[in-house]
Amino acid sequence: METEYQYQKRRVPLDRNSEFRFGEGKISGYLSITLGTLSLLAVLAYRYPAYLTTIELRQVYDAEFLQQLLKYGMYFSLFFGLLTFFLNRRKRMGITGIGLTVLGFLLGGYDIPVGPVEPVRLSLGVDWLILAFLGSVGVFMTLEKLFPKYRNQVILRDEWGLDLFYFCFNHLMISAILIYGNYHASHFHWAVSESVQQAVQSVPLLIQVCLIVICADFVLYWEHRLYHEVRVLWPVHAVHHSVESMDWLAGSRGHFIQVFSERAMVMVPLYLLGADQAALDIYVAFAALQAILIHCNLRFSFGPLRYIFVTPQFHHWHHSSEKPAIDTNYSAHTVLFDRVFNTYHMPEEHWPAEYGTTVRLPRSYLGQLLYPVQSLLGRKR
Ligand SMILES: [Zn+2]
Ligand SMILES: [Zn+2]
């Protein structure tokens with residue numbers, strides 16, 4: 001029983017080798033390479049916007065204004081690269097950062113003319129990747145450094161590279177995910193009711209958003225629960241649960257089948273409700289931010305809001321491998337359906353001591369990609 005379970009405090013030993021300390025050239029080295037990589041990607045996106053930018057996103061940002069940002073990104077990458085070099089440590093990192101940026105300059109730099117874009121059906125979301133990365137680092141990584149749950153957890157924690165790969169993949173695939181989601185939802189055209197849609201559109205914007213959140217949450221709750229409770233589906237979702245350190249990047253880990261199916265399922269209630277575009281936009285922004293927030297290494301409890309919304313503590317429990325938490329806390333947005341269907345686990349002030357799966361998954365992208373197939377074939381339990 002829950003009351004008998006002895007909750008332990010999580011121990012996170014400080015990993016001195018992965019820590020960032022001033023004066024070692026490591027901070028400037030990583031900054032130079034990161035900015036150099038983002039700059040090069042941005043230059044490519046300005047060169048080939050039809051193939052490397054997202055139609056939906058292009059309408060939201062000002063491409064010419066972002067070129068100013070790119071200019072600073074490129075100069076700062078050079079600056080940090082040179083700093084790394086002169087600190088006389090990790091010269092290779094400095095040279096790599098400078099090299100990436102110089103390549104960006106050679107390919108056109110920050111003043112490639114911006115014009116109308118010939119739309120193509122399927123493109124890579126390079127723009128979405130760059131903006132989401134900058135936003136996540138700027139907001140969530142910063143919050144994690146200021147208000148960490150586990151102060152000893154470093155930015156470059158175990159398997160950060162694997163999760164960064166998932167992050168990049170999921171963002172680059174945005175067009176394909178949206179196309180698939182819309183295609184899937186269109187199969188439900190028989191269920192569209194004009195009177196329902198008119199009723200939805202007649203209520204105030206905030207109520208429309210609440211309706212979307214609740215309907216989406218209901219679908220996501222059951223989709224998630226099936227992934228846990230149907231034997232053949234679990235190995236696909238187990239990839240998301242294989243992460244053993246929680247932070248802003250951890251939520252990116254997910255088998256592509258799960259990423260695509262989740263989006264496809266949630267598109268159905270959005271399509272049937274037929275709410276105003278503004279309500280949909282608010283929901284999409286809310287859902288995207290909440291999905292990152294709930295995986296973060298943040299100590300906020302969110303006060304009374306935690307009795308309504310899914311919070312980091314609530315979703316951290318979902319990722320726990322401790323017995324009382326297994327197969328609980330399925331909701332994505334509000335705690336409503338976990339309450340209704342009796343899968344709510346929130347032991348007041350306690351947080352999990354262990355994260356991950358009870359059976360350990362392969363630790364490589366390819367291993368995790370094939371894990372569901374291997375499980376089906378019975379090689380892995
Ligand atoms: Zn789960
Ligand atoms: Zn999660």
# chains A, B, ... in the order shown; residues from 1 in each chain; ligands from 1
$ residues_near_ligand --ligand "ligand 2" --cutoff "8 Å" --atoms "only C-alpha atoms and all ligand atoms" --output "number ranges by chain"
A: 240-241, 250-251, 291, 294-295, 315-316, 318-319
$ closest_atom_pairs --of "chain A" --to "ligand 1" --cutoff "10 Å" --atoms "only C-alpha atoms and all ligand atoms" --output "tab-separated table"
residue	atom	partner	partner_atom_place_in_ligand_line	distance
A:Tyr221	CA	ligand 1	1 (Zn)	9.8
A:Glu223	CA	ligand 1	1 (Zn)	9.8
A:His224	CA	ligand 1	1 (Zn)	6.1
A:Arg225	CA	ligand 1	1 (Zn)	7.4
A:Leu226	CA	ligand 1	1 (Zn)	9.5
A:Tyr227	CA	ligand 1	1 (Zn)	7.2
A:His228	CA	ligand 1	1 (Zn)	6.3
A:Glu229	CA	ligand 1	1 (Zn)	9.9
A:Trp234	CA	ligand 1	1 (Zn)	8.8
A:His237	CA	ligand 1	1 (Zn)	6.5
A:Ala238	CA	ligand 1	1 (Zn)	7.4
A:Val239	CA	ligand 1	1 (Zn)	9.4
A:His240	CA	ligand 1	1 (Zn)	7.1
A:His241	CA	ligand 1	1 (Zn)	6.4
A:His315	CA	ligand 1	1 (Zn)	9.0
A:His318	CA	ligand 1	1 (Zn)	6.4
A:His319	CA	ligand 1	1 (Zn)	6.9
A:Ser320	CA	ligand 1	1 (Zn)	9.9
A:Ile326	CA	ligand 1	1 (Zn)	9.2
A:Asp327	CA	ligand 1	1 (Zn)	7.4
A:Thr328	CA	ligand 1	1 (Zn)	8.3
A:Asn329	CA	ligand 1	1 (Zn)	8.2
A:Tyr330	CA	ligand 1	1 (Zn)	6.4
A:Ser331	CA	ligand 1	1 (Zn)	9.3
A:Ala332	CA	ligand 1	1 (Zn)	9.9
$ write_last_selection --atoms "N, CA and C atoms" --output "tab-separated table (two decimals), in the first residue's frame"
chain	number	residue	atom	x	y	z
A	221	TYR	N	-4.79	10.96	-22.53
A	221	TYR	CA	-4.80	10.08	-21.36
A	221	TYR	C	-4.94	8.63	-21.82
A	223	GLU	N	-4.67	7.30	-24.86
A	223	GLU	CA	-3.60	6.87	-25.76
A	223	GLU	C	-2.39	6.45	-24.93
A	224	HIS	N	-2.05	7.27	-23.95
A	224	HIS	CA	-0.91	7.02	-23.09
A	224	HIS	C	-1.12	5.76	-22.26
A	225	ARG	N	-2.34	5.62	-21.74
A	225	ARG	CA	-2.63	4.46	-20.90
A	225	ARG	C	-2.54	3.16	-21.69
A	226	LEU	N	-3.01	3.22	-22.93
A	226	LEU	CA	-2.92	2.01	-23.78
A	226	LEU	C	-1.46	1.65	-24.04
A	227	TYR	N	-0.62	2.68	-24.27
A	227	TYR	CA	0.80	2.43	-24.48
A	227	TYR	C	1.42	1.70	-23.27
A	228	HIS	N	0.89	1.97	-22.09
A	228	HIS	CA	1.42	1.32	-20.89
A	228	HIS	C	0.83	-0.05	-20.66
A	229	GLU	N	-0.45	-0.19	-20.98
A	229	GLU	CA	-1.15	-1.39	-20.52
A	229	GLU	C	-1.35	-2.46	-21.59
A	234	TRP	N	3.76	-1.33	-25.31
A	234	TRP	CA	4.69	-0.82	-24.29
A	234	TRP	C	6.13	-0.61	-24.80
A	237	HIS	N	6.62	2.78	-26.26
A	237	HIS	CA	6.59	3.89	-25.31
A	237	HIS	C	7.72	3.80	-24.29
A	238	ALA	N	8.24	2.58	-24.09
A	238	ALA	CA	9.32	2.39	-23.11
A	238	ALA	C	10.54	3.25	-23.45
A	239	VAL	N	10.69	3.57	-24.74
A	239	VAL	CA	11.82	4.42	-25.15
A	239	VAL	C	11.74	5.77	-24.41
A	240	HIS	N	10.54	6.34	-24.34
A	240	HIS	CA	10.38	7.62	-23.63
A	240	HIS	C	10.73	7.45	-22.14
A	241	HIS	N	10.43	6.28	-21.60
A	241	HIS	CA	10.67	6.04	-20.18
A	241	HIS	C	12.10	5.60	-19.88
A	315	HIS	N	4.68	14.68	-13.30
A	315	HIS	CA	5.18	13.89	-14.43
A	315	HIS	C	6.49	13.18	-14.08
A	318	HIS	N	5.53	10.01	-12.98
A	318	HIS	CA	5.19	9.11	-14.09
A	318	HIS	C	6.44	8.41	-14.62
A	319	HIS	N	7.59	9.09	-14.53
A	319	HIS	CA	8.85	8.52	-15.03
A	319	HIS	C	9.58	7.68	-13.99
A	320	SER	N	9.01	7.56	-12.80
A	320	SER	CA	9.71	6.83	-11.75
A	320	SER	C	9.60	5.33	-11.96
A	326	ILE	N	4.35	3.08	-10.67
A	326	ILE	CA	4.26	2.40	-11.97
A	326	ILE	C	2.82	2.51	-12.50
A	327	ASP	N	2.70	2.86	-13.78
A	327	ASP	CA	1.40	2.99	-14.45
A	327	ASP	C	0.46	3.98	-13.74
A	328	THR	N	1.01	5.13	-13.41
A	328	THR	CA	0.17	6.21	-12.86
A	328	THR	C	0.48	7.51	-13.60
A	329	ASN	N	-0.34	8.53	-13.34
A	329	ASN	CA	-0.11	9.89	-13.87
A	329	ASN	C	0.04	9.92	-15.40
A	330	TYR	N	-1.01	9.50	-16.09
A	330	TYR	CA	-0.96	9.45	-17.56
A	330	TYR	C	-1.27	10.79	-18.22
A	331	SER	N	-1.96	11.67	-17.51
A	331	SER	CA	-2.45	12.90	-18.14
A	331	SER	C	-1.32	13.77	-18.66
A	332	ALA	N	-1.67	14.58	-19.67
A	332	ALA	CA	-0.68	15.46	-20.27
A	332	ALA	C	-0.86	16.92	-19.84
$ select_by_dssp --residues "region 207-337 of chain A" --states "helix (DSSP H, G or I)" --output "PyMOL selection string"
chain A and resi 207-229+234-241+250-252+256-273+277-293+303-307+312-318+323-325+336-337
$ residues_around --residues "region 278-285 of chain A" --least-positions-apart "4" --cutoff "7 Å" --atoms "only C-alpha atoms" --output "list in words"
Leu205, Gln208, Val209, Val213 and Leu289 of chain A
$ write_last_selection --atoms "N, CA and C atoms" --output "PDB file, in the first residue's frame"
ATOM      1  N   LEU A 205     -13.246  32.957 -26.051  1.00  0.00           N
ATOM      2  CA  LEU A 205     -11.969  32.327 -26.414  1.00  0.00           C
ATOM      3  C   LEU A 205     -11.415  31.427 -25.304  1.00  0.00           C
ATOM      4  N   GLN A 208     -13.164  28.246 -25.052  1.00  0.00           N
ATOM      5  CA  GLN A 208     -12.766  27.381 -26.182  1.00  0.00           C
ATOM      6  C   GLN A 208     -11.446  26.686 -25.865  1.00  0.00           C
ATOM      7  N   VAL A 209     -10.501  27.455 -25.314  1.00  0.00           N
ATOM      8  CA  VAL A 209      -9.197  26.866 -24.976  1.00  0.00           C
ATOM      9  C   VAL A 209      -9.391  25.760 -23.940  1.00  0.00           C
ATOM     10  N   VAL A 213      -8.375  21.846 -24.239  1.00  0.00           N
ATOM     11  CA  VAL A 213      -7.460  21.217 -23.289  1.00  0.00           C
ATOM     12  C   VAL A 213      -8.084  19.932 -22.730  1.00  0.00           C
ATOM     13  N   LEU A 289       4.860  24.195 -24.413  1.00  0.00           N
ATOM     14  CA  LEU A 289       5.634  24.667 -23.261  1.00  0.00           C
ATOM     15  C   LEU A 289       5.468  23.708 -22.075  1.00  0.00           C
TER      16      LEU A 289
END
$ atom_distance --atom1 "CA of Glu244 (chain A)" --atom2 "CA of Glu19 (chain A)"
18.1 Å
$ closest_residue --among "A:Phe169, A:Phe80, A:Tyr46, A:Tyr344" --to "Leu66 (chain A)" --atoms "only C-alpha atoms"
A:Tyr46
$ closest_residue --among "A:Ala63, A:Ala264, A:Leu40, A:Met93" --to "Gly181 (chain A)" --atoms "only C-alpha atoms"
A:Ala264
$ closest_atom_pairs --of "region 141-188 of chain A" --to "region 271-277 of chain A" --cutoff "10 Å" --atoms "only C-alpha atoms" --output "CSV"
residue,atom,partner,partner_atom,distance
A:Asn182,CA,A:Tyr271,CA,8.4
A:Ala185,CA,A:Tyr271,CA,6.6
A:Ser186,CA,A:Tyr271,CA,8.0
A:Phe188,CA,A:Leu272,CA,7.9
$ write_last_selection --atoms "C-alpha atoms" --output "PDB file, in the first residue's frame"
ATOM      1  CA  ASN A 182      -3.995  16.141 -40.532  1.00  0.00           C
ATOM      2  CA  ALA A 185      -7.806  13.448 -38.508  1.00  0.00           C
ATOM      3  CA  SER A 186      -9.425  13.772 -41.945  1.00  0.00           C
ATOM      4  CA  PHE A 188     -13.039  11.431 -39.003  1.00  0.00           C
TER       5      PHE A 188
END
$ residues_around --residues "region 12-17 of chain A" --least-positions-apart "3" --cutoff "8 Å" --atoms "only C-alpha atoms" --output "list in words"
Tyr150, Asn152, Gln153 and Val154 of chain A
$ write_last_selection --atoms "C-alpha atoms" --output "PDB file, in the first residue's frame"
ATOM      1  CA  TYR A 150      18.862  18.674  -8.130  1.00  0.00           C
ATOM      2  CA  ASN A 152      24.328  18.643  -8.769  1.00  0.00           C
ATOM      3  CA  GLN A 153      22.761  17.564 -12.036  1.00  0.00           C
ATOM      4  CA  VAL A 154      24.942  18.957 -14.830  1.00  0.00           C
TER       5      VAL A 154
END
$ residues_around --residues "Tyr166 (chain A)" --least-positions-apart "6" --cutoff "8 Å" --atoms "only C-alpha atoms" --output "PyMOL selection string"
chain A and resi 252-254
$ write_last_selection --atoms "N, CA and C atoms" --output "PDB file, in the first residue's frame"
ATOM      1  N   SER A 252      12.184  14.943 -24.948  1.00  0.00           N
ATOM      2  CA  SER A 252      12.324  14.750 -26.393  1.00  0.00           C
ATOM      3  C   SER A 252      12.466  13.287 -26.757  1.00  0.00           C
ATOM      4  N   ARG A 253      12.946  12.489 -25.810  1.00  0.00           N
ATOM      5  CA  ARG A 253      13.184  11.088 -26.131  1.00  0.00           C
ATOM      6  C   ARG A 253      11.858  10.375 -26.357  1.00  0.00           C
ATOM      7  N   GLY A 254      11.694   9.821 -27.513  1.00  0.00           N
ATOM      8  CA  GLY A 254      10.458   9.094 -27.818  1.00  0.00           C
ATOM      9  C   GLY A 254      10.616   8.404 -29.153  1.00  0.00           C
TER      10      GLY A 254
END
$ closest_residue --among "A:Phe79, A:Tyr7, A:Tyr355, A:Trp160" --to "Gly36 (chain A)" --atoms "only C-alpha atoms"
A:Phe79
$ residues_around --residues "region 55-57 of chain A" --least-positions-apart "4" --cutoff "8 Å" --atoms "only C-alpha atoms" --output "list in words"
Tyr61, Pro119, Asp127 and Trp128 of chain A
$ write_last_selection --atoms "N, CA and C atoms" --output "mmCIF file, in the first residue's frame"
data_model
loop_
_atom_site.group_PDB
_atom_site.id
_atom_site.type_symbol
_atom_site.label_atom_id
_atom_site.label_comp_id
_atom_site.auth_asym_id
_atom_site.auth_seq_id
_atom_site.Cartn_x
_atom_site.Cartn_y
_atom_site.Cartn_z
ATOM 1 N N TYR A 61 7.038 34.364 -37.858
ATOM 2 C CA TYR A 61 8.234 35.169 -37.561
ATOM 3 C C TYR A 61 8.609 36.082 -38.728
ATOM 4 N N PRO A 119 6.154 27.155 -52.082
ATOM 5 C CA PRO A 119 5.883 26.100 -51.099
ATOM 6 C C PRO A 119 6.105 24.694 -51.662
ATOM 7 N N ASP A 127 14.185 25.753 -39.317
ATOM 8 C CA ASP A 127 13.838 26.986 -38.591
ATOM 9 C C ASP A 127 13.193 26.663 -37.235
ATOM 10 N N TRP A 128 12.332 25.679 -37.215
ATOM 11 C CA TRP A 128 11.653 25.259 -35.985
ATOM 12 C C TRP A 128 12.676 24.719 -34.986
#
$ closest_residue --among "A:Ser123, A:Asn170, A:Ser32, A:Thr54" --to "Val259 (chain A)" --atoms "only C-alpha atoms"
A:Asn170
$ closest_residue --among "A:Ile155, A:Met173, A:Ile214, A:Ala325" --to "Asp247 (chain A)" --atoms "only C-alpha atoms"
A:Ile155
$ residues_around --residues "Ile292 (chain A)" --least-positions-apart "5" --cutoff "8 Å" --atoms "only C-alpha atoms" --output "ChimeraX atom specification"
/A:140,248-249,251
$ closest_residue --among "A:Ala353, A:Leu211, A:Val232, A:Ala50" --to "Glu118 (chain A)" --atoms "only C-alpha atoms"
A:Ala50
